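Asks: The structure is given below, and queries will be raised subsequently.
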Amino acid sequence: MNKLLLVLLTALTSLCMSLPAYAGTRTITDMAGRTVEIPDKVDKVICSGPGCLRYLTYLQGQGLIVGVDSIEKRKSRFDSRPYAMANPQFKDKPLFGEFRGHDNPELILSLEPQPQVIFKTYKGMGFDPDKLQEKTGIPVICLAYSSIATKRQLIYNSLKLMGDVVGKSERAEKICNFIEKNINDLEKRTADVPESQRKSCYVGGIAKKGPHGFQSTEPAYPPFLFVNAKNVACPPEEQGKPLQHANVSKEQIVAWNPEILFMDISTCQLGDEASAINELKTDPVYKSLDAVINDQVYTVLPYNWYSRNYGSIIADAFYVGKVLYPEKFADIDPKVKADEIYSFMVGKPVFNEMDNAFKEKAFDKLVLR
């Protein structure tokens with residue numbers, strides 16, 4: 001009898017030792033209001049959809065991934081995703097599906113090791129999260145990806161939820177506080193500038209699922225909002241609205257005739273003959289603008305690249321502030337500031353690498369003659 005008991009105890013001990021430490025489960029509510037049961041301890045995940053792996057990188061959790069979507073494996077001359085530049089190892093990870101949330105359940109089930117959780121942004125894009133969870137048997141957690149200018153709390157809540165799931169809650173608090181601190185700094189520096197001293201400005205060539213010409217802009221351009229800039233594309237009655245992208249007519253730009261122009265260097269992807277930069281150089285209508293005549297055209301980094309790169313938005317805002325109100329930003333070197341931001345948010349100073357991907361340099365005066 002004692003021998004039998006000993007055998008049973010030995011077998012039970014062996015079984016317990018073979019079970020993973022995260023055998024327990026808990027229930028969370030995701031950003032889509034879905035109730036999801038997940039393991040107590042999560043250390044293997046995949047990130048589906050625009051911005052999802054960026055979130056995990058912000059949380060210093062990129063080492064938890066067991067696969068990537070197709071955008072991470074692409075080789076392209078042009079890129080403006082700081083989180084990916086800081087993590088070239090993403091290209092060597094197994095593929096689990098196409099970019100923009102078009103997941104492949106069969107590829108996901110072939111991953112070794114298997115993810116314990118699938119994080120997903122833009123739930124309406126690509127594979128439906130409920131169907132994906134049903135087909136794979138893996139919990140799917142929806143996160144919100146939104147405007148850093150008008151819906152910042154959604155971003156913070158998503159980062160904190162992700163942090164809670166993967167044991168990075170402290171880091172989630174730090175990254176949210178870092179973003180908020182920098183935006184508050186930008187707004188405080190410019191809050192007391194009299195309306196009469198605010199120069200009118202416009203930003204063109206804004207990327208939106210690819211490069212665009214000079215008529216492509218954002219009425220709610222966050223770098224302008226953060227430094228209280230006088231954006232001609234955003235009249236007072238439109239301020240505070242979440243409109244993200246617009247194509248305005250050439251005639252309207254001329255009618256506005258802003259004092260200062262900014263150019264998103266992602267437009268360089270269109271080539272020398274088609275870019276917004278070439279438009280300013282060759283189009284007689286644009287050449288008549290005061291900002292072009294007075295050499296008041298400046299370049300900014302792209303940030304719409306597999307959705308919004310929040311660090312680049314903040315970096316652009318410091319540069320825009322420096323151009324518009326140099327006395328308010330006398331202590332700021334925008335390129336140094338950009339690398340401080342990238343170092344904290346993605347772990348490496350990648351400004352030069354990103355800048356070198358494009359023919360025109362960011363944070364510089366554009367030479368049109």
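Each chain of the structure tokens is named A, B, ... in the order shown, its residues numbered from 1; ligands are numbered from 1 in display order.
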Show which residues sit within 9 Å of segment 25-37 of chain A, as a list of chain:residue names. Count only C-alpha atoms, and ignore same-chain residues fewer than 5 positions away.
Replies: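 The residues that qualify are A:Lys123, A:Pro139, A:Val140, A:Ile141, A:Cys142, A:Leu143, A:Ala144, A:Leu154, A:Asn157, A:Ser158, A:Leu161, A:Val165.
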Asks: Just write the chosen residues, all heavy atoms, as a tab-separated table (two decimals), in the first residue's frame.
Replies:
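Here's the written file result28.tsv:
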```tsv
chain	number	residue	atom	x	y	z
A	123	LYS	N	-10.52	46.18	-35.61
A	123	LYS	CA	-11.29	44.93	-35.63
A	123	LYS	C	-12.14	44.77	-36.89
A	123	LYS	O	-12.46	43.64	-37.29
A	123	LYS	CB	-12.16	44.80	-34.38
A	123	LYS	CG	-13.38	45.69	-34.33
A	123	LYS	CD	-14.20	45.46	-33.06
A	123	LYS	CE	-14.95	44.16	-33.09
A	123	LYS	NZ	-16.18	44.18	-33.89
A	139	PRO	N	-7.29	32.95	-27.83
A	139	PRO	CA	-7.98	34.19	-27.46
A	139	PRO	C	-7.51	35.37	-28.32
A	139	PRO	O	-6.31	35.55	-28.53
A	139	PRO	CB	-7.58	34.39	-25.99
A	139	PRO	CG	-7.14	33.05	-25.51
A	139	PRO	CD	-6.55	32.35	-26.70
A	140	VAL	N	-8.47	36.15	-28.80
A	140	VAL	CA	-8.18	37.35	-29.59
A	140	VAL	C	-8.60	38.57	-28.78
A	140	VAL	O	-9.75	38.67	-28.35
A	140	VAL	CB	-8.92	37.34	-30.94
A	140	VAL	CG1	-8.67	38.63	-31.70
A	140	VAL	CG2	-8.49	36.14	-31.79
A	141	ILE	N	-7.66	39.49	-28.59
A	141	ILE	CA	-7.91	40.70	-27.80
A	141	ILE	C	-7.86	41.91	-28.73
A	141	ILE	O	-6.83	42.20	-29.35
A	141	ILE	CB	-6.87	40.86	-26.68
A	141	ILE	CG1	-6.94	39.67	-25.72
A	141	ILE	CG2	-7.07	42.17	-25.93
A	141	ILE	CD1	-5.87	39.68	-24.66
A	142	CYS	N	-8.97	42.62	-28.83
A	142	CYS	CA	-9.05	43.81	-29.69
A	142	CYS	C	-8.54	45.04	-28.93
A	142	CYS	O	-8.91	45.26	-27.77
A	142	CYS	CB	-10.48	44.04	-30.15
A	142	CYS	SG	-11.12	42.77	-31.25
A	143	LEU	N	-7.71	45.82	-29.62
A	143	LEU	CA	-7.19	47.07	-29.08
A	143	LEU	C	-7.65	48.23	-29.95
A	143	LEU	O	-7.96	48.05	-31.13
A	143	LEU	CB	-5.66	47.03	-29.04
A	143	LEU	CG	-5.02	45.88	-28.26
A	143	LEU	CD1	-3.51	45.89	-28.45
A	143	LEU	CD2	-5.37	45.98	-26.78
A	144	ALA	N	-7.70	49.42	-29.39
A	144	ALA	CA	-8.07	50.61	-30.15
A	144	ALA	C	-6.82	51.35	-30.61
A	144	ALA	O	-5.87	51.49	-29.85
A	144	ALA	CB	-8.93	51.53	-29.30
A	154	LEU	N	-8.09	56.61	-25.52
A	154	LEU	CA	-8.25	55.29	-26.13
A	154	LEU	C	-6.90	54.60	-26.32
A	154	LEU	O	-6.76	53.39	-26.12
A	154	LEU	CB	-8.96	55.40	-27.48
A	154	LEU	CG	-10.47	55.64	-27.47
A	154	LEU	CD1	-10.97	55.80	-28.90
A	154	LEU	CD2	-11.19	54.50	-26.78
A	157	ASN	N	-5.65	53.58	-22.83
A	157	ASN	CA	-6.38	52.41	-22.33
A	157	ASN	C	-5.94	51.13	-23.03
A	157	ASN	O	-5.85	50.06	-22.40
A	157	ASN	CB	-7.88	52.61	-22.50
A	157	ASN	CG	-8.45	53.69	-21.58
A	157	ASN	OD1	-7.79	54.11	-20.64
A	157	ASN	ND2	-9.65	54.14	-21.86
A	158	SER	N	-5.65	51.23	-24.32
A	158	SER	CA	-5.20	50.06	-25.07
A	158	SER	C	-3.82	49.61	-24.61
A	158	SER	O	-3.56	48.41	-24.42
A	158	SER	CB	-5.18	50.36	-26.57
A	158	SER	OG	-6.48	50.54	-27.06
A	161	LEU	N	-4.18	47.97	-21.24
A	161	LEU	CA	-4.77	46.65	-21.36
A	161	LEU	C	-3.72	45.64	-21.85
A	161	LEU	O	-3.57	44.56	-21.28
A	161	LEU	CB	-5.96	46.68	-22.33
A	161	LEU	CG	-6.57	45.32	-22.69
A	161	LEU	CD1	-7.08	44.60	-21.45
A	161	LEU	CD2	-7.69	45.50	-23.72
A	165	VAL	N	-2.09	42.36	-19.83
A	165	VAL	CA	-2.12	40.99	-20.35
A	165	VAL	C	-0.73	40.36	-20.35
A	165	VAL	O	-0.56	39.19	-20.00
A	165	VAL	CB	-2.72	40.97	-21.78
A	165	VAL	CG1	-2.54	39.59	-22.43
A	165	VAL	CG2	-4.20	41.35	-21.74
```
Asks: Which residues are close to Asp69 of chain A, i.e. within 10 Å by only C-alpha atoms, leaving aside same-chain residues fewer than 6 positions away? Reply as a PyMOL selection string.
Replies: chain A and resi 46-50+53+90-91+93-104
Asks: Per DSSP on the backbone, what are the strand (DSSP E or B) residues of segment 60-159 of chain A, as a list in words?
Replies: Ile65, Val68, Asp69, Leu95, Phe96, Gly97, Glu98, His102, Asp103, Val117, Ile118, Phe119, Lys120, Thr121, Val140, Ile141, Cys142 and Leu143 of chain A
Asks: Could those residues be written to a file, using C-alpha atoms, as a short mmCIF file (atom, residue, chain, number, x, y, z; two decimals), in the first residue's frame?
Replies:
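Here's the written file again37.cif:
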```cif
data_model
loop_
_atom_site.label_atom_id
_atom_site.label_comp_id
_atom_site.auth_asym_id
_atom_site.auth_seq_id
_atom_site.Cartn_x
_atom_site.Cartn_y
_atom_site.Cartn_z
CA ILE A 65 6.15 37.59 -30.50
CA VAL A 68 4.69 38.63 -37.80
CA ASP A 69 2.44 39.80 -40.61
CA LEU A 95 4.75 34.68 -41.17
CA PHE A 96 1.19 34.38 -39.82
CA GLY A 97 -0.75 36.39 -42.41
CA GLU A 98 -1.00 39.44 -44.64
CA HIS A 102 -5.68 39.70 -43.07
CA ASP A 103 -4.67 36.83 -40.83
CA VAL A 117 -3.00 35.40 -27.30
CA ILE A 118 -3.63 37.28 -30.55
CA PHE A 119 -3.72 41.06 -30.20
CA LYS A 120 -5.66 42.82 -32.95
CA THR A 121 -6.14 46.47 -33.90
CA VAL A 140 -8.18 37.35 -29.59
CA ILE A 141 -7.91 40.70 -27.80
CA CYS A 142 -9.05 43.81 -29.69
CA LEU A 143 -7.19 47.07 -29.08
#
```
Asks: I want to know what sits within 7 Å of Lys365 of chain A, based on only C-alpha atoms, with residues of the same chain fewer than 4 positions away left out; could you give that as a list in words?
Replies: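 That gives Val297, Tyr298 and Thr299 of chain A.
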Asks: Atom CA of Asp316 of chain A and atom CA of Leu368 of chain A, how far apart in Å?
Replies: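 Those two atoms sit 21.1 Å apart.
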Asks: Against segment 301-304 of chain A, which residues of segment 19-82 of chain A fall within 12 Å? For each one I want the closest pair of atoms and the distance in Å (one decimal), counting only C-alpha atoms, rows by chain and increasing residue number, as JSON lines.
Replies:
```
{"residue": "A:Pro50", "atom": "CA", "partner": "A:Asn304", "partner_atom": "CA", "distance": 10.4}
{"residue": "A:Gly51", "atom": "CA", "partner": "A:Asn304", "partner_atom": "CA", "distance": 10.3}
{"residue": "A:Phe78", "atom": "CA", "partner": "A:Pro302", "partner_atom": "CA", "distance": 10.8}
{"residue": "A:Asp79", "atom": "CA", "partner": "A:Pro302", "partner_atom": "CA", "distance": 9.3}
{"residue": "A:Ser80", "atom": "CA", "partner": "A:Pro302", "partner_atom": "CA", "distance": 6.5}
{"residue": "A:Arg81", "atom": "CA", "partner": "A:Tyr303", "partner_atom": "CA", "distance": 7.8}
{"residue": "A:Pro82", "atom": "CA", "partner": "A:Tyr303", "partner_atom": "CA", "distance": 9.4}
```
Asks: Residues at most 7 Å from Gly205 of chain A, counting only C-alpha atoms, excluding those fewer than 6 positions away in the same chain, as a VMD selection string?
Replies: chain A and resid 212 to 217 263 to 264 267 276
Asks: Save out the residues we just selected, N, CA, C and O atoms, as a PDB file, in the first residue's frame.
Replies:
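See result21.pdb below for the written result:
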```pdb
ATOM      1  N   HIS A 212       1.505  60.899 -51.531  1.00  0.00           N
ATOM      2  CA  HIS A 212       0.579  61.808 -52.203  1.00  0.00           C
ATOM      3  C   HIS A 212       1.300  63.106 -52.589  1.00  0.00           C
ATOM      4  O   HIS A 212       2.417  63.371 -52.144  1.00  0.00           O
ATOM      5  N   GLY A 213       0.593  63.909 -53.394  1.00  0.00           N
ATOM      6  CA  GLY A 213       1.119  65.192 -53.822  1.00  0.00           C
ATOM      7  C   GLY A 213       0.814  66.299 -52.824  1.00  0.00           C
ATOM      8  O   GLY A 213       0.320  66.057 -51.719  1.00  0.00           O
ATOM      9  N   PHE A 214       1.060  67.539 -53.248  1.00  0.00           N
ATOM     10  CA  PHE A 214       0.996  68.676 -52.336  1.00  0.00           C
ATOM     11  C   PHE A 214      -0.414  68.973 -51.845  1.00  0.00           C
ATOM     12  O   PHE A 214      -0.597  69.595 -50.797  1.00  0.00           O
ATOM     13  N   GLN A 215      -1.428  68.539 -52.576  1.00  0.00           N
ATOM     14  CA  GLN A 215      -2.802  68.819 -52.168  1.00  0.00           C
ATOM     15  C   GLN A 215      -3.273  67.931 -51.018  1.00  0.00           C
ATOM     16  O   GLN A 215      -4.332  68.174 -50.447  1.00  0.00           O
ATOM     17  N   SER A 216      -2.492  66.929 -50.668  1.00  0.00           N
ATOM     18  CA  SER A 216      -2.842  66.023 -49.578  1.00  0.00           C
ATOM     19  C   SER A 216      -2.442  66.639 -48.246  1.00  0.00           C
ATOM     20  O   SER A 216      -1.274  66.926 -48.001  1.00  0.00           O
ATOM     21  N   THR A 217      -3.420  66.828 -47.362  1.00  0.00           N
ATOM     22  CA  THR A 217      -3.142  67.475 -46.084  1.00  0.00           C
ATOM     23  C   THR A 217      -3.995  66.850 -44.984  1.00  0.00           C
ATOM     24  O   THR A 217      -4.771  65.934 -45.225  1.00  0.00           O
ATOM     25  N   MET A 263       6.360  70.255 -45.625  1.00  0.00           N
ATOM     26  CA  MET A 263       6.247  69.169 -46.592  1.00  0.00           C
ATOM     27  C   MET A 263       6.593  67.837 -45.938  1.00  0.00           C
ATOM     28  O   MET A 263       7.652  67.694 -45.322  1.00  0.00           O
ATOM     29  N   ASP A 264       5.690  66.878 -46.067  1.00  0.00           N
ATOM     30  CA  ASP A 264       5.933  65.514 -45.593  1.00  0.00           C
ATOM     31  C   ASP A 264       6.856  64.832 -46.611  1.00  0.00           C
ATOM     32  O   ASP A 264       6.489  64.696 -47.780  1.00  0.00           O
ATOM     33  N   THR A 267       6.445  62.085 -49.668  1.00  0.00           N
ATOM     34  CA  THR A 267       6.088  62.369 -51.059  1.00  0.00           C
ATOM     35  C   THR A 267       7.224  62.013 -52.017  1.00  0.00           C
ATOM     36  O   THR A 267       6.992  61.823 -53.215  1.00  0.00           O
ATOM     37  N   ALA A 276       5.404  66.098 -54.492  1.00  0.00           N
ATOM     38  CA  ALA A 276       4.934  67.429 -54.118  1.00  0.00           C
ATOM     39  C   ALA A 276       6.061  68.450 -54.192  1.00  0.00           C
ATOM     40  O   ALA A 276       5.830  69.627 -54.478  1.00  0.00           O
TER      41      ALA A 276
END
```
Asks: Could you build a table of the residues in segment 239-313 of chain A lying no more than 9 Å from segment 318-321 of chain A, giving for each the nearest pair of atoms and their separation in Å rounded to one decimal place, using only C-alpha atoms, ordered by chain and ascending residue number, as CSV?
Replies:
```
residue,atom,partner,partner_atom,distance
A:Phe262,CA,A:Val320,CA,8.3
A:Tyr298,CA,A:Val320,CA,8.7
A:Val300,CA,A:Tyr319,CA,7.7
A:Ile313,CA,A:Phe318,CA,8.9
```
Asks: Please write the residues from the selection above to a file, keeping N, CA, C and O atoms, as a JSON list (two decimals), in the first residue's frame.
Replies:
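Okay, again.json is ready:
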```json
[["chain", "number", "residue", "atom", "x", "y", "z"],
["A", 262, "PHE", "N", 4.94, 73.43, -44.88],
["A", 262, "PHE", "CA", 5.66, 72.24, -44.45],
["A", 262, "PHE", "C", 5.37, 71.11, -45.44],
["A", 262, "PHE", "O", 4.28, 71.04, -46.01],
["A", 298, "TYR", "N", 9.51, 74.03, -45.33],
["A", 298, "TYR", "CA", 10.28, 73.17, -44.43],
["A", 298, "TYR", "C", 9.78, 71.72, -44.51],
["A", 298, "TYR", "O", 8.62, 71.47, -44.83],
["A", 300, "VAL", "N", 9.13, 67.79, -42.93],
["A", 300, "VAL", "CA", 8.84, 67.04, -41.71],
["A", 300, "VAL", "C", 8.85, 65.55, -42.02],
["A", 300, "VAL", "O", 8.72, 65.12, -43.16],
["A", 313, "ILE", "N", 5.01, 61.85, -34.65],
["A", 313, "ILE", "CA", 4.09, 62.99, -34.53],
["A", 313, "ILE", "C", 4.64, 63.99, -33.51],
["A", 313, "ILE", "O", 4.68, 65.20, -33.77]]
```
Asks: Nearest residue to Gln133 of chain A out of A:Gly67, A:Cys176, A:Ile38, A:Gln60, using only C-alpha atoms?
Replies: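 The shortest atom-to-atom distance to Gln133 of chain A comes from A:Ile38.
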Asks: Find the spatial neighbours of Ala315 of chain A, counting only C-alpha atoms, within a cut-off of 8 Å - ignore same-chain residues fewer than 4 positions away - and output them as number ranges by chain.
Replies: A: 311, 319, 334, 337-338, 341
Asks: If we count only C-alpha atoms, what is near segment 278-292 of chain A at a cut-off of 7 Å, once residues fewer than 2 positions away on the same chain are taken out, given as a PyMOL selection string?
Replies: chain A and resi 254+257-261+272-276+294-297+368
Asks: Extract the full set of helix (DSSP H, G or I) residues from segment 192-329 of chain A according to DSSP on the backbone, and format it as a PyMOL selection string.
Replies: chain A and resi 195-197+222-226+236-238+250-256+265-270+276-282+284-287+290-293+310-324+326-329
